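Colleague: Let me begin by handing over the structure; questions about it come next.
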Amino acid sequence: MRLALAGVSHHRAPLELRERVAVDIATAGALARELSSRQAGEHETVVLSTCNRTELYLAADDEESLAEHADRALLALAGPAAEALAPVAYRLADESAALHLFRVAAGLDSMVPGEGEILGQVRDAFEAGAPGPLLDRVFRMALHAGRRARVETAIGESPASIPAAAAALAQQVFDRLDGRRVVLVGAGRMSELTARNLRSRGANVTVVLNRTLERAESLATELGARAASLEELGASLADADVVVASTSAPGLILSADELAATVRARRGRPLLLVDLAVPRDVDPAFAAIDGCFVYDLDDLEGIVSASLAGRRSEAIEAERIVSEEAERFRAWQASLAVVPAIASLRARAEEIRAAELARMEARLGRLPESDRDAVDTVTTQIVNKLLHLPTVRMKEAAVTPDGVLYADVVRHLFGLGEESET
Amino acid sequence: MAELLVWPVLIAYGEAAVAYAGELRGPGRYGRFGIWGVRIGWLAQTALLVVQALSADGFPWGTWAGALNLLSWLVVSAYLVWGCHPRYRLVGLGVMPVAAGLLVLSFAGGGTGVDKAAGDGWALAVHAGLMLAAFASFTLAAATALLYLYEDRRLSRRDTGLLRLRLPSLEGLERLSVRAALAGLALLSGGIVVGLAWLDVDGLDAAMSVTVAIWAFYGLALVLRREAGLQGRRLAWVLVAGAMLVAVVLPLTHFAS
């Protein structure tokens, strides 16, 4: 069986081209079924479409034109943009295609190494597609490789964005965020994203403080919080656990001169101040107070850079895992080449056994039923035991360059495919 | 036989301490080797204690060197309760060198051999067992508090590698150190009660005074935490100071008397 892949990704295709071939999961499923229909050549098909790539995986029995078929299907999807898409599309076959899919599932082909979404997207595409024996196997192995990469390495552990880094920092201070009180100062886009990230980890946004109350109310409603003006800042600080500030004010909003006494009254109870504003909203002098941690945009960017560097170093280990899985796929695919020879050998042996028993029927017929069953069982066991080792050895040899030769030798020695002489 | 078991314990604890130090340099790589060193060492030390217990006529850890042997086993046992959790493994960075050091001292003082003459009855065994378990808990509390101070420093300095080498959260570390100190205080109270009730006590000697002072120190620290908000860095320093008091003053007064 052959495997072919045609696709475009963020590595070579700009967004204007990728969006021409991007499809949602329902359309991807319908397209896969259409390509696997009898009229289209009965190929196994899975269509994987994410923000960063659209890829068509096709499989069929020894069809030479399979790669061209996959390519044509991808360009047809692009419609009028096909001409622009052709030079940036890639085509891979068999082991290379499988290795590519394993890398995609492990997050090694993503913009941010180890990003968490891709494994689910591969699973969805597989479930929505029209796989057969080969694609079923290769996608299951890809999902396994993706899971292994995430479990056995730390490639997906560190945050890859500023809001995620801020939320991870909060967890580093407070452990679980369930019930932790978050105060938003300013209702900008960054503070909203950070608040949503904190909420997804269990924190409660209690109040949104803003100069214009209307904007604060709109965001507060979405986050299940209360809106208030900046005058309430001092009171809110007293029982907050995390403060996220991102106003466009020209000067400090949280001044240590005015609010240090409020923070000191917390007696060392931890307070995380996340300052996402430029110019800064939070006075750096707060950092000198016991239990008070101040992080500005530069600090968070430094943490994200370090964690991305960490992901890249973990990617080396993840590549090793992916290579192992690709090697397993290669061995499995190679073993398919000897399967017909093994099946013929077993069929031939069974044919001989049945013929010999039939020849002896006149004498065996006089035996009681139980003895005849015993003879049948014993001869079957002899055949199985004789063929067990050659079967195992042929499967082992299949992964070596001489694998096909072994199969040919067996066919020749046992006269498989020749007219039966029994 | 007993002496032969000391070397595997020392090698395994030493390996664990080195692996944890390596974990600081390459997060996620060496920690698992450290925990295996702790497990293997702990099993070997358990075997050592069993051999000592079976060979002696009574309580075999009544001498200062024997007590250090049992204390080091208790410290590692207390650590193993949490140390198997990946995020708490690095507590071992504080615990394992202490445990190995205690064992080396014990070995040097002859506390890892077999003393057939040892034995003063069950009351001494219970008293010493409770006291040593209490000191093991205080050691764990101090090791956790040190890790708290380290993590607090990283957070305050806005270390960019903060999320690559993930230590337990500050609140998690404080919770663990307070629990260890509470357990230590309860065990110490039990040890004092057993000592006063069943052992021959001739007035208040230096060792007893220091023991009561330690009890009062931890009791006060925990009351202040509850009533006066003693927490964070200040509480961590208090717990470290308490362990120093236990480690330095108590052996001097107890075994010198």
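A note on labels: chains of the structure tokens are A, B, ... as shown, every chain counts residues from 1, and ligands are counted from 1 in their shown order.
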With the cut-off set at 12 Å and counting only C-alpha atoms, tabulate each residue of chain B with an atom at most that distance from an atom of chain A, showing the nearest atom pair and its distance in Å to one decimal, ordered by chain and increasing number, as a tab-separated table.
Modeller:
residue	atom	partner	partner_atom	distance
B:Gly26	CA	A:Gly310	CA	10.1
B:Pro27	CA	A:Ala154	CA	9.3
B:Gly28	CA	A:Ala154	CA	7.5
B:Arg29	CA	A:Thr153	CA	9.4
B:Arg87	CA	A:Gln172	CA	11.0
B:Tyr148	CA	A:Val173	CA	10.4
B:Leu149	CA	A:Gly291	CA	11.2
B:Glu151	CA	A:Gln172	CA	9.0
B:Asp152	CA	A:Gly291	CA	8.3
B:Arg153	CA	A:Phe293	CA	10.2
B:Arg154	CA	A:Phe293	CA	10.3
B:Leu155	CA	A:Phe293	CA	6.8
B:Ser156	CA	A:Phe293	CA	5.8
B:Arg157	CA	A:Phe293	CA	8.9
B:Arg158	CA	A:Asp299	CA	6.5
B:Asp159	CA	A:Ile303	CA	7.7
B:Thr160	CA	A:Ile303	CA	4.4
B:Gly161	CA	A:Ala306	CA	6.1
B:Leu162	CA	A:Ile303	CA	7.2
B:Leu163	CA	A:Ser158	CA	6.2
B:Arg164	CA	A:Ser307	CA	6.0
B:Leu165	CA	A:Ser158	CA	9.7
B:Arg166	CA	A:Gln172	CA	7.9
B:Leu167	CA	A:Gln172	CA	7.8
B:Pro168	CA	A:Gln172	CA	7.0
B:Ser169	CA	A:Gln172	CA	4.4
B:Leu170	CA	A:Val173	CA	4.9
B:Glu171	CA	A:Phe174	CA	5.3
B:Gly172	CA	A:Asp175	CA	6.2
B:Leu173	CA	A:Asp175	CA	9.4
B:Glu174	CA	A:Phe174	CA	10.4
B:Arg175	CA	A:Asp175	CA	10.6
B:Arg225	CA	A:Arg267	CA	10.7
B:Glu227	CA	A:Arg267	CA	11.9
B:Ala228	CA	A:Arg267	CA	8.9
B:Gly229	CA	A:Arg267	CA	6.4
B:Leu230	CA	A:Arg267	CA	7.5
B:Gln231	CA	A:Gly268	CA	6.2
B:Gly232	CA	A:Gly268	CA	5.7
B:Arg233	CA	A:Asp290	CA	7.3
B:Arg234	CA	A:Gly268	CA	8.4
B:Leu235	CA	A:Gly268	CA	9.7
B:Ala236	CA	A:Gly268	CA	11.6
Colleague: Can you tell me, as a ChimeraX atom specification, what residues are no more than 9 Å from Tyr406 (chain A) when counting only C-alpha atoms, ignoring any on the same chain fewer than 6 positions away?
Modeller: /A:338,394,397-398
Colleague: Find the spatial neighbours of region 42-50 of chain B, counting only C-alpha atoms, within a cut-off of 8 Å - ignore same-chain residues fewer than 4 positions away - and output them as a PyMOL selection string.
Modeller: chain B and resi 2+5-6+8-9+38+54+70+73+76-77+112
Colleague: Please produce a file of those selected residues containing all heavy atoms, as a PDB file, in the first residue's frame.
Modeller:
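Once written, part_32.pdb looks like this:
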ATOM      1  N   ALA B   2      25.986  -5.416  59.224  1.00  0.00           N
ATOM      2  CA  ALA B   2      25.340  -4.104  59.325  1.00  0.00           C
ATOM      3  C   ALA B   2      26.223  -3.023  58.707  1.00  0.00           C
ATOM      4  O   ALA B   2      25.742  -2.163  57.967  1.00  0.00           O
ATOM      5  CB  ALA B   2      25.039  -3.787  60.794  1.00  0.00           C
ATOM      6  N   LEU B   5      26.085  -2.602  54.969  1.00  0.00           N
ATOM      7  CA  LEU B   5      24.897  -1.954  54.400  1.00  0.00           C
ATOM      8  C   LEU B   5      25.017  -0.430  54.365  1.00  0.00           C
ATOM      9  O   LEU B   5      24.249   0.238  53.676  1.00  0.00           O
ATOM     10  CB  LEU B   5      23.652  -2.346  55.203  1.00  0.00           C
ATOM     11  CG  LEU B   5      23.098  -3.743  54.926  1.00  0.00           C
ATOM     12  CD1 LEU B   5      22.108  -4.161  55.986  1.00  0.00           C
ATOM     13  CD2 LEU B   5      22.436  -3.780  53.551  1.00  0.00           C
ATOM     14  N   VAL B   6      25.963   0.112  55.124  1.00  0.00           N
ATOM     15  CA  VAL B   6      26.091   1.571  55.186  1.00  0.00           C
ATOM     16  C   VAL B   6      26.509   2.138  53.835  1.00  0.00           C
ATOM     17  O   VAL B   6      26.000   3.178  53.401  1.00  0.00           O
ATOM     18  CB  VAL B   6      27.131   1.979  56.259  1.00  0.00           C
ATOM     19  CG1 VAL B   6      27.313   3.493  56.275  1.00  0.00           C
ATOM     20  CG2 VAL B   6      26.693   1.493  57.609  1.00  0.00           C
ATOM     21  N   PRO B   8      26.081   1.113  50.555  1.00  0.00           N
ATOM     22  CA  PRO B   8      25.036   1.361  49.546  1.00  0.00           C
ATOM     23  C   PRO B   8      24.144   2.541  49.905  1.00  0.00           C
ATOM     24  O   PRO B   8      23.708   3.305  49.028  1.00  0.00           O
ATOM     25  CB  PRO B   8      24.214   0.064  49.529  1.00  0.00           C
ATOM     26  CG  PRO B   8      24.970  -0.932  50.299  1.00  0.00           C
ATOM     27  CD  PRO B   8      26.063  -0.261  51.044  1.00  0.00           C
ATOM     28  N   VAL B   9      23.860   2.703  51.198  1.00  0.00           N
ATOM     29  CA  VAL B   9      23.000   3.819  51.615  1.00  0.00           C
ATOM     30  C   VAL B   9      23.689   5.149  51.296  1.00  0.00           C
ATOM     31  O   VAL B   9      23.084   6.043  50.692  1.00  0.00           O
ATOM     32  CB  VAL B   9      22.699   3.752  53.139  1.00  0.00           C
ATOM     33  CG1 VAL B   9      21.751   4.867  53.534  1.00  0.00           C
ATOM     34  CG2 VAL B   9      22.130   2.411  53.526  1.00  0.00           C
ATOM     35  N   VAL B  38      17.082   7.986  46.302  1.00  0.00           N
ATOM     36  CA  VAL B  38      16.460   8.092  47.636  1.00  0.00           C
ATOM     37  C   VAL B  38      15.768   6.770  47.992  1.00  0.00           C
ATOM     38  O   VAL B  38      15.921   6.245  49.100  1.00  0.00           O
ATOM     39  CB  VAL B  38      15.426   9.246  47.659  1.00  0.00           C
ATOM     40  CG1 VAL B  38      14.771   9.328  49.030  1.00  0.00           C
ATOM     41  CG2 VAL B  38      16.088  10.572  47.346  1.00  0.00           C
ATOM     42  N   LEU B  54      17.438  -6.552  65.125  1.00  0.00           N
ATOM     43  CA  LEU B  54      17.404  -7.996  65.379  1.00  0.00           C
ATOM     44  C   LEU B  54      18.631  -8.461  66.171  1.00  0.00           C
ATOM     45  O   LEU B  54      18.551  -9.421  66.949  1.00  0.00           O
ATOM     46  CB  LEU B  54      17.321  -8.764  64.054  1.00  0.00           C
ATOM     47  CG  LEU B  54      16.015  -8.621  63.272  1.00  0.00           C
ATOM     48  CD1 LEU B  54      16.104  -9.344  61.934  1.00  0.00           C
ATOM     49  CD2 LEU B  54      14.830  -9.160  64.084  1.00  0.00           C
ATOM     50  N   LEU B  70      19.139   6.688  63.151  1.00  0.00           N
ATOM     51  CA  LEU B  70      17.672   6.592  63.100  1.00  0.00           C
ATOM     52  C   LEU B  70      17.071   7.909  62.604  1.00  0.00           C
ATOM     53  O   LEU B  70      16.105   7.912  61.823  1.00  0.00           O
ATOM     54  CB  LEU B  70      17.133   6.246  64.497  1.00  0.00           C
ATOM     55  CG  LEU B  70      15.632   5.972  64.590  1.00  0.00           C
ATOM     56  CD1 LEU B  70      15.220   4.806  63.697  1.00  0.00           C
ATOM     57  CD2 LEU B  70      15.232   5.672  66.036  1.00  0.00           C
ATOM     58  N   TRP B  73      17.250   8.218  58.886  1.00  0.00           N
ATOM     59  CA  TRP B  73      16.228   7.365  58.248  1.00  0.00           C
ATOM     60  C   TRP B  73      14.848   8.039  58.329  1.00  0.00           C
ATOM     61  O   TRP B  73      14.088   8.046  57.353  1.00  0.00           O
ATOM     62  CB  TRP B  73      16.196   6.010  58.950  1.00  0.00           C
ATOM     63  CG  TRP B  73      15.185   5.050  58.368  1.00  0.00           C
ATOM     64  CD1 TRP B  73      15.324   4.275  57.256  1.00  0.00           C
ATOM     65  CD2 TRP B  73      13.878   4.764  58.875  1.00  0.00           C
ATOM     66  NE1 TRP B  73      14.200   3.528  57.035  1.00  0.00           N
ATOM     67  CE2 TRP B  73      13.290   3.814  58.016  1.00  0.00           C
ATOM     68  CE3 TRP B  73      13.155   5.212  59.969  1.00  0.00           C
ATOM     69  CZ2 TRP B  73      12.002   3.315  58.219  1.00  0.00           C
ATOM     70  CZ3 TRP B  73      11.878   4.722  60.177  1.00  0.00           C
ATOM     71  CH2 TRP B  73      11.311   3.782  59.308  1.00  0.00           C
ATOM     72  N   VAL B  76      14.577  10.947  55.824  1.00  0.00           N
ATOM     73  CA  VAL B  76      14.348  10.487  54.443  1.00  0.00           C
ATOM     74  C   VAL B  76      12.932   9.912  54.301  1.00  0.00           C
ATOM     75  O   VAL B  76      12.260  10.132  53.288  1.00  0.00           O
ATOM     76  CB  VAL B  76      15.416   9.446  54.031  1.00  0.00           C
ATOM     77  CG1 VAL B  76      15.160   8.940  52.617  1.00  0.00           C
ATOM     78  CG2 VAL B  76      16.796  10.060  54.104  1.00  0.00           C
ATOM     79  N   SER B  77      12.460   9.215  55.329  1.00  0.00           N
ATOM     80  CA  SER B  77      11.091   8.664  55.280  1.00  0.00           C
ATOM     81  C   SER B  77      10.076   9.787  55.141  1.00  0.00           C
ATOM     82  O   SER B  77       9.155   9.712  54.320  1.00  0.00           O
ATOM     83  CB  SER B  77      10.764   7.886  56.565  1.00  0.00           C
ATOM     84  OG  SER B  77      11.721   6.893  56.788  1.00  0.00           O
ATOM     85  N   THR B 112      26.315   2.818  63.281  1.00  0.00           N
ATOM     86  CA  THR B 112      25.734   1.957  62.253  1.00  0.00           C
ATOM     87  C   THR B 112      26.108   0.490  62.466  1.00  0.00           C
ATOM     88  O   THR B 112      25.755  -0.362  61.653  1.00  0.00           O
ATOM     89  CB  THR B 112      26.215   2.396  60.854  1.00  0.00           C
ATOM     90  OG1 THR B 112      27.641   2.432  60.871  1.00  0.00           O
ATOM     91  CG2 THR B 112      25.682   3.756  60.488  1.00  0.00           C
TER      92      THR B 112
END
Colleague: I'd like the contact shell of Ala407 (chain A) - 7 Å cut-off, only C-alpha atoms, skipping same-chain residues fewer than 2 positions apart - returned as a list in words.
Modeller: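 What passes the distance filter is Val338, Ala341, Met394, Gly403, Val404, Leu405, Val409, Val410 and Arg411 of chain A.
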Colleague: I need the alpha helix (DSSP H) residues of region 4-249 of chain B per DSSP on the backbone, written as a ChimeraX atom specification.
Modeller: /B:4-25,31-55,64-83,91-108,122-156,170-198,206-228,232-249
Colleague: Please give the complete set of residues from region 227-352 of chain A that DSSP, run on the backbone, assigns to strand (DSSP E), formatted as a list in words.
Modeller: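 Of region 227-352 of chain A, only Ala227, Ala228, Val242, Val243, Val244, Ala245, Leu271, Leu272, Leu273, Val274, Asp275, Cys292, Phe293, Val294 and Tyr295 of chain A fall in strand (DSSP E).
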Colleague: Write the residues of the selection above to a file with C-alpha atoms, as a compact mmCIF listing (two decimals), in the first residue's frame.
Modeller:
# COMPACT_ATOMS: atom_id res chain seq x y z
CA ALA A 227 -17.44 47.30 37.39
CA ALA A 228 -16.13 50.26 39.34
CA VAL A 242 -3.77 39.06 41.57
CA VAL A 243 -3.95 42.54 40.04
CA VAL A 244 -3.70 42.91 36.26
CA ALA A 245 -3.11 46.48 35.14
CA LEU A 271 0.00 39.64 46.04
CA LEU A 272 0.91 39.33 42.36
CA LEU A 273 0.90 42.62 40.44
CA VAL A 274 0.97 42.10 36.66
CA ASP A 275 1.65 45.32 34.77
CA CYS A 292 4.45 41.41 46.87
CA PHE A 293 5.62 40.39 43.38
CA VAL A 294 5.63 42.88 40.49
CA TYR A 295 5.94 41.78 36.87
Colleague: What is the CA of Phe329 (chain A)-CA of Leu5 (chain A) distance in Å, reported with one decimal?
Modeller: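 Result for CA of Phe329 (chain A) versus CA of Leu5 (chain A): 15.7 Å, one decimal.
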Colleague: Can you tell me, as a ChimeraX atom specification, what residues are no more than 7 Å from Ala203 (chain A) when counting only C-alpha atoms, ignoring any on the same chain fewer than 6 positions away?
Modeller: /A:177-182
Colleague: Hey, what's within 12 Å of Val375 (chain A) if we count only C-alpha atoms and toss same-chain stuff fewer than 6 positions away? As an NGL selection string, please?
Modeller: :A and (353-354 or 356-357 or 360-361 or 364-365 or 367-369 or 381-382)
Colleague: Export all heavy atoms of the chosen residues as a short mmCIF file (atom, residue, chain, number, x, y, z; two decimals), in the first residue's frame?
Modeller:
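Saved to result.cif:
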data_model
loop_
_atom_site.label_atom_id
_atom_site.label_comp_id
_atom_site.auth_asym_id
_atom_site.auth_seq_id
_atom_site.Cartn_x
_atom_site.Cartn_y
_atom_site.Cartn_z
N ARG A 353 -2.25 -30.59 4.14
CA ARG A 353 -2.76 -31.31 5.32
C ARG A 353 -4.16 -31.89 5.02
O ARG A 353 -4.43 -33.08 5.26
CB ARG A 353 -2.83 -30.36 6.51
CG ARG A 353 -3.17 -31.04 7.83
CD ARG A 353 -3.41 -30.01 8.92
NE ARG A 353 -4.69 -29.35 8.76
CZ ARG A 353 -5.84 -29.81 9.26
NH1 ARG A 353 -5.85 -30.92 9.97
NH2 ARG A 353 -6.97 -29.18 9.05
N ALA A 354 -5.02 -31.03 4.47
CA ALA A 354 -6.39 -31.48 4.19
C ALA A 354 -6.40 -32.61 3.16
O ALA A 354 -7.14 -33.60 3.28
CB ALA A 354 -7.22 -30.29 3.70
N GLU A 356 -3.97 -34.81 2.55
CA GLU A 356 -3.44 -36.04 3.14
C GLU A 356 -4.50 -36.71 4.02
O GLU A 356 -4.65 -37.94 4.04
CB GLU A 356 -2.18 -35.74 3.96
CG GLU A 356 -0.97 -35.43 3.11
CD GLU A 356 -0.64 -36.55 2.13
OE1 GLU A 356 -0.53 -37.72 2.54
OE2 GLU A 356 -0.54 -36.25 0.91
N LEU A 357 -5.23 -35.90 4.77
CA LEU A 357 -6.30 -36.46 5.61
C LEU A 357 -7.39 -37.09 4.74
O LEU A 357 -7.93 -38.15 5.06
CB LEU A 357 -6.90 -35.37 6.52
CG LEU A 357 -6.04 -34.94 7.71
CD1 LEU A 357 -6.74 -33.82 8.49
CD2 LEU A 357 -5.75 -36.10 8.65
N MET A 360 -6.37 -40.46 3.49
CA MET A 360 -6.42 -41.49 4.53
C MET A 360 -7.85 -41.73 5.03
O MET A 360 -8.07 -42.43 6.01
CB MET A 360 -5.56 -41.06 5.73
CG MET A 360 -4.09 -40.89 5.39
SD MET A 360 -3.33 -42.46 4.94
CE MET A 360 -3.22 -43.26 6.51
N GLU A 361 -8.80 -41.11 4.39
CA GLU A 361 -10.18 -41.13 4.90
C GLU A 361 -10.69 -42.55 5.09
O GLU A 361 -11.38 -42.86 6.06
CB GLU A 361 -11.08 -40.33 3.93
CG GLU A 361 -12.54 -40.25 4.33
CD GLU A 361 -12.77 -39.60 5.68
OE1 GLU A 361 -11.93 -38.77 6.12
OE2 GLU A 361 -13.76 -39.94 6.34
N LEU A 364 -9.12 -43.72 8.31
CA LEU A 364 -9.51 -42.90 9.46
C LEU A 364 -11.02 -42.98 9.74
O LEU A 364 -11.47 -42.79 10.86
CB LEU A 364 -9.13 -41.44 9.22
CG LEU A 364 -7.62 -41.14 9.19
CD1 LEU A 364 -7.38 -39.67 8.79
CD2 LEU A 364 -7.00 -41.41 10.55
N GLY A 365 -11.76 -43.27 8.69
CA GLY A 365 -13.21 -43.31 8.81
C GLY A 365 -13.69 -44.36 9.80
O GLY A 365 -14.79 -44.23 10.36
N LEU A 367 -12.28 -44.96 12.62
CA LEU A 367 -12.00 -44.52 14.00
C LEU A 367 -13.22 -43.83 14.60
O LEU A 367 -14.04 -43.25 13.88
CB LEU A 367 -10.84 -43.52 14.00
CG LEU A 367 -9.47 -44.06 13.58
CD1 LEU A 367 -8.47 -42.91 13.50
CD2 LEU A 367 -8.98 -45.10 14.59
N PRO A 368 -13.31 -43.86 15.94
CA PRO A 368 -14.40 -43.11 16.59
C PRO A 368 -14.22 -41.60 16.33
O PRO A 368 -13.11 -41.14 16.06
CB PRO A 368 -14.21 -43.40 18.09
CG PRO A 368 -13.22 -44.47 18.20
CD PRO A 368 -12.48 -44.60 16.91
N GLU A 369 -15.30 -40.86 16.49
CA GLU A 369 -15.31 -39.42 16.20
C GLU A 369 -14.23 -38.66 17.00
O GLU A 369 -13.54 -37.79 16.47
CB GLU A 369 -16.72 -38.86 16.54
CG GLU A 369 -16.94 -37.41 16.14
CD GLU A 369 -16.97 -37.19 14.63
OE1 GLU A 369 -17.25 -38.16 13.90
OE2 GLU A 369 -16.68 -36.06 14.20
N GLN A 381 -1.72 -28.76 14.63
CA GLN A 381 -0.65 -28.25 15.50
C GLN A 381 0.73 -28.42 14.86
O GLN A 381 1.58 -27.54 14.96
CB GLN A 381 -0.69 -28.96 16.85
CG GLN A 381 -1.79 -28.40 17.76
CD GLN A 381 -1.95 -29.20 19.04
OE1 GLN A 381 -1.41 -30.29 19.18
NE2 GLN A 381 -2.72 -28.66 19.96
N ILE A 382 0.91 -29.57 14.19
CA ILE A 382 2.22 -29.81 13.54
C ILE A 382 2.46 -28.74 12.47
O ILE A 382 3.54 -28.14 12.40
CB ILE A 382 2.26 -31.23 12.91
CG1 ILE A 382 2.31 -32.28 14.03
CG2 ILE A 382 3.46 -31.38 11.98
CD1 ILE A 382 2.09 -33.71 13.55
#
Colleague: What's the separation between CA of Val51 (chain B) and CA of Arg39 (chain B), in Å to one decimal place?
Modeller: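 Distance between the two atoms: 18.5 Å.
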